[in-house]
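Please read the structure below before turning to the comments.
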Amino acid sequence: METDSILIRHARIVDPSRQLDRVGDILIGSGEITAAGRLGPDRIPNGCRVIDGTGLVASPGFIDLHCHLREPGFEYKETIAAGSKAAAKGGFTTLCAMPNTDPPIDNAAVVDFIHQKARQDSLVRILSIGCVTKGRKGHELAEMEELASSGVVAFSDDGDPVYDANLMRLALIYSLDLGLPISNHCQERSLSCNGVMAEGPVATHLGLDGIPAAAEETMIARDIALAEATGGRLHVAHLSTAGSVPLVREAKARGLSVTAEVCPHHLTTTDQWVLGRKGESTTAAGGLAYDTSTKVYPPLRGQRDVDALIQGLADGVIDCVATDHAPHDLTSKQVTYQEAAFGISVLETALGSLLQLVHSKKLSMGAMVDRLTTGPARVLGETYSDLASLQPGTAADIVLFDPEQEWTVDTAEFESKGRNTPLEGTMLKGRVVATFASGNIIYQSAGLIFEEPHVKA
Amino acid sequence: MSLSRTIETPEISGALEPEPAPRKHVLDLDDFSREEITEVLESARGMKEVLGRDIKKVPALRGKVVVTLFYEASTRTRISFEEAGKVLSADVINMSASGSSAEKGESLLNTGLTIQAMGVDTIVIRHPHSGASHLLAKHLDRVSIINAGDGLHAHPTQALLDLYTVQDKLGDLGGLKVVIVGDVLHSRVARSDIWGFAKMGAKVVLSGPATLMPPDLMRSSGSIARSPFASLVEVDTDLDRAIEGADVVMALRLQQERQNAGFLPSIREYIRRWQVTDARLERARLGAMVMHPGPMNEGIEISNSIAHGGSSVIEDQVTNGVAVRMALLYQLTIGAGLES
């Protein structure tokens, strides 16, 4: 008797890897997907647990190319254990941990530590991203081959982009035979200066130093030119400006090996949120202003930027959504806006935020799921293509979500240690009902309904 | 409630009527109505009368505690608040960041909570970071917060004393042309003054180097989102043109480090293009007044002869600052019903 089998029945199966979007059943056994589609009763094993998926969407588990798990070094902000629970609750089954840890992920020992820790503590698959330069200092290349051999999936110096253009050029060349992308957080330091939010009307009103859009766009343009000159593999982290989208579009049109990601907050919130009224604009700032939970890098920008990013995501110019989940302790945010740490805790709200775009018909359900599954898998390359599929024989990493369920964000219920989100108290529509990793239920909400186990007639 | 209940001062003025608005904090003028500004200015008129007496003391705030919490150097603002509180008989405690727990790394919020726990009524705060006063207002529920200057953001009591000074000399503010000259980008005084003068119906023109203007005010492109200031001001980088027919010319302090940061080619060129001089003032309306929030760089943003000449009201601004701050302390401590 296959008691570990689970049947998800009558769900809307959305599997972009096979251009599939139809109501059907998914059978899970021995940690793998056994079958997906319309299943006759005779194919269902005896004693199989049955989930009623009516009204729910079943898709491959989401893949996050960009998140901060803070371990080692900043366990008071987040841990692999807490971050993985947050991921499971948000529908993510694969996380790529960024290397701005302490010590940073610039050698195999740190990679090994993270993978060992992940085996002990994590509910989801943890992949790691290694540094481009030693200590993320931007002076000398890290031992990139050693990092690649120990399993990193990309290189990035994260919040400290590779400022030196020649070093970036050399990194793109050196990594050519490693086959891994370099993910650059594009912000030209001499333009972003001491900026803490987007240059624009709210920065002017509140007297906060602004970061011009050109800070991002000039470095993206530089990196695209370097990718073209070297044939290197460039991944542009978290686009935030309208002007960045055509840069990536044209690079792709020229056939360059360039990919890009965008974060849920840059698709759904603007710099108006810094006023502390959940996006409502006001000419009277008042005591709610300077909401430090909105401080993020790159910064929240204007509606025009948001619209262009949504269009770029819908068009496929932007390959994927990445969360840039950046959890912080309370103290790092209960300070002035200037002192506050950059970052938003995103894993548990990402789906609800993105579904706003689906509900408002700016993005199709298929495209949204693609940008959370096949999109990031494509950036990771061939080795990881199975992660984004409901193809029988692949690991049963599945998310089951109710796109219509309305809920209010209450950070007291967060699994992440980071409660830093401007969405606190706001209403979202769409929530994960259950998440499966290798066939195990790693998260289930109260809404998950098991029927009577299947008994063969 | 009126000040006339005191023994030493049978009456000071009827100007405190009508009942003050139930305001708890003064963070900026962006959330003041024209009526509320008018009330403060009227109340300040009564306070100024007290300041003119031989015995400058009324017991209006006896038993109330005001803490001035200054994280930045200040002469006039801090002393002005201290004098305002003391004339009203409040106990005023001055705290500056140096010599306090801030030097041991205590956060602003914890310092604020500590001061609140001591039972004070009002905290007057100056801080180099924009929004510092908002942080305290958000988390402290038992004290009033008065912003005495936060980063680049706001300096509402300065703006109120500027409004008072102009009204005192020229009467109705409506229709006046006010030219603010200099580093608007980094000026909290300019931001609060724009709100204040615009709400009172004056026409505000900004002049100075384009690099020192808020970027959204320098662009006319329709696709660029504009700040609320965009609808309140005009920008003209040519001061000779901007100053034509002005009733009020306000020179802002030019920090010399702006040259090193690349905002200016040289102080020399700044002086040539934007110093408020006698020759330039000739183009303004006859009898136009010159203001400066202080501290001045005489010979840079303002010529020596203007700074101390007949058109300067810079010392009146300082005197009026005490009266305006008395009015605010009184209204917040008594008027806002913090006792209730």
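For the structure tokens, the naming scheme is as follows: chains receive sequential letters (A, B, ...) according to their order of presentation, residues are indexed from 1 within each chain, and ligands are indexed from 1 in presentation order.
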When you get a sec, could you note down which chain A residues fall within 8 Å of chain B, using only C-alpha atoms, as number ranges by chain?
A: 199-202, 204-208, 283-290, 302, 304, 334-338
What's the 7 Å shell around segment 172-184 of chain B, counting only C-alpha atoms, without same-chain residues fewer than 2 positions away, as a ChimeraX atom specification?
/B:167,170,186-187,190,200-208,212-213,243,246-252,254
When you look at segment 171-181 of chain A with a cut-off of 9 Å (counting only C-alpha atoms), what residues show up, excluding the ones that are within fewer than 4 positions of it in the same chain? I need them as number ranges by chain.
A: 132-133, 141, 144-145, 148, 152-156, 166-167, 226-227, 230-235, 257-259, 379-381
If we count only C-alpha atoms, what is near segment 276-291 of chain B at a cut-off of 9 Å, once residues fewer than 6 positions away on the same chain are taken out, given as JSON, numbers by chain?
{"B": [162, 166, 169, 181, 239, 240, 241, 243, 244, 245, 246, 247, 248, 249, 250, 251, 252, 300, 301, 302, 303, 304, 305, 306, 307, 310, 311, 312, 313, 314, 317]}
Surrounding residues of Val162 of chain A excluding itself and chain neighbours under 6 positions, 9 Å, only C-alpha atoms, as a ChimeraX atom specification:
/A:132-133,136-139,156,168,184-186
Out of A:Glu261, A:Asp160, A:Asp15, A:Glu188, which residue has the shortest atom-to-atom distance to Thr218 of chain A when counting only C-alpha atoms?
A:Glu188
Would you kindly return, as a ChimeraX atom specification, each protein, DNA or RNA residue with an atom no farther than 8 Å from any atom of segment 392-400 of chain A, considering only C-alpha atoms and excluding same-chain residues fewer than 3 positions away?
/A:28,31-36,53,56-62,91-93,386-387,389,432-439
Can you list every residue in segment 255-292 of chain A that DSSP puts in helix (DSSP H, G or I), as a VMD selection string?
chain A and resid 264 to 268 271 to 275 292
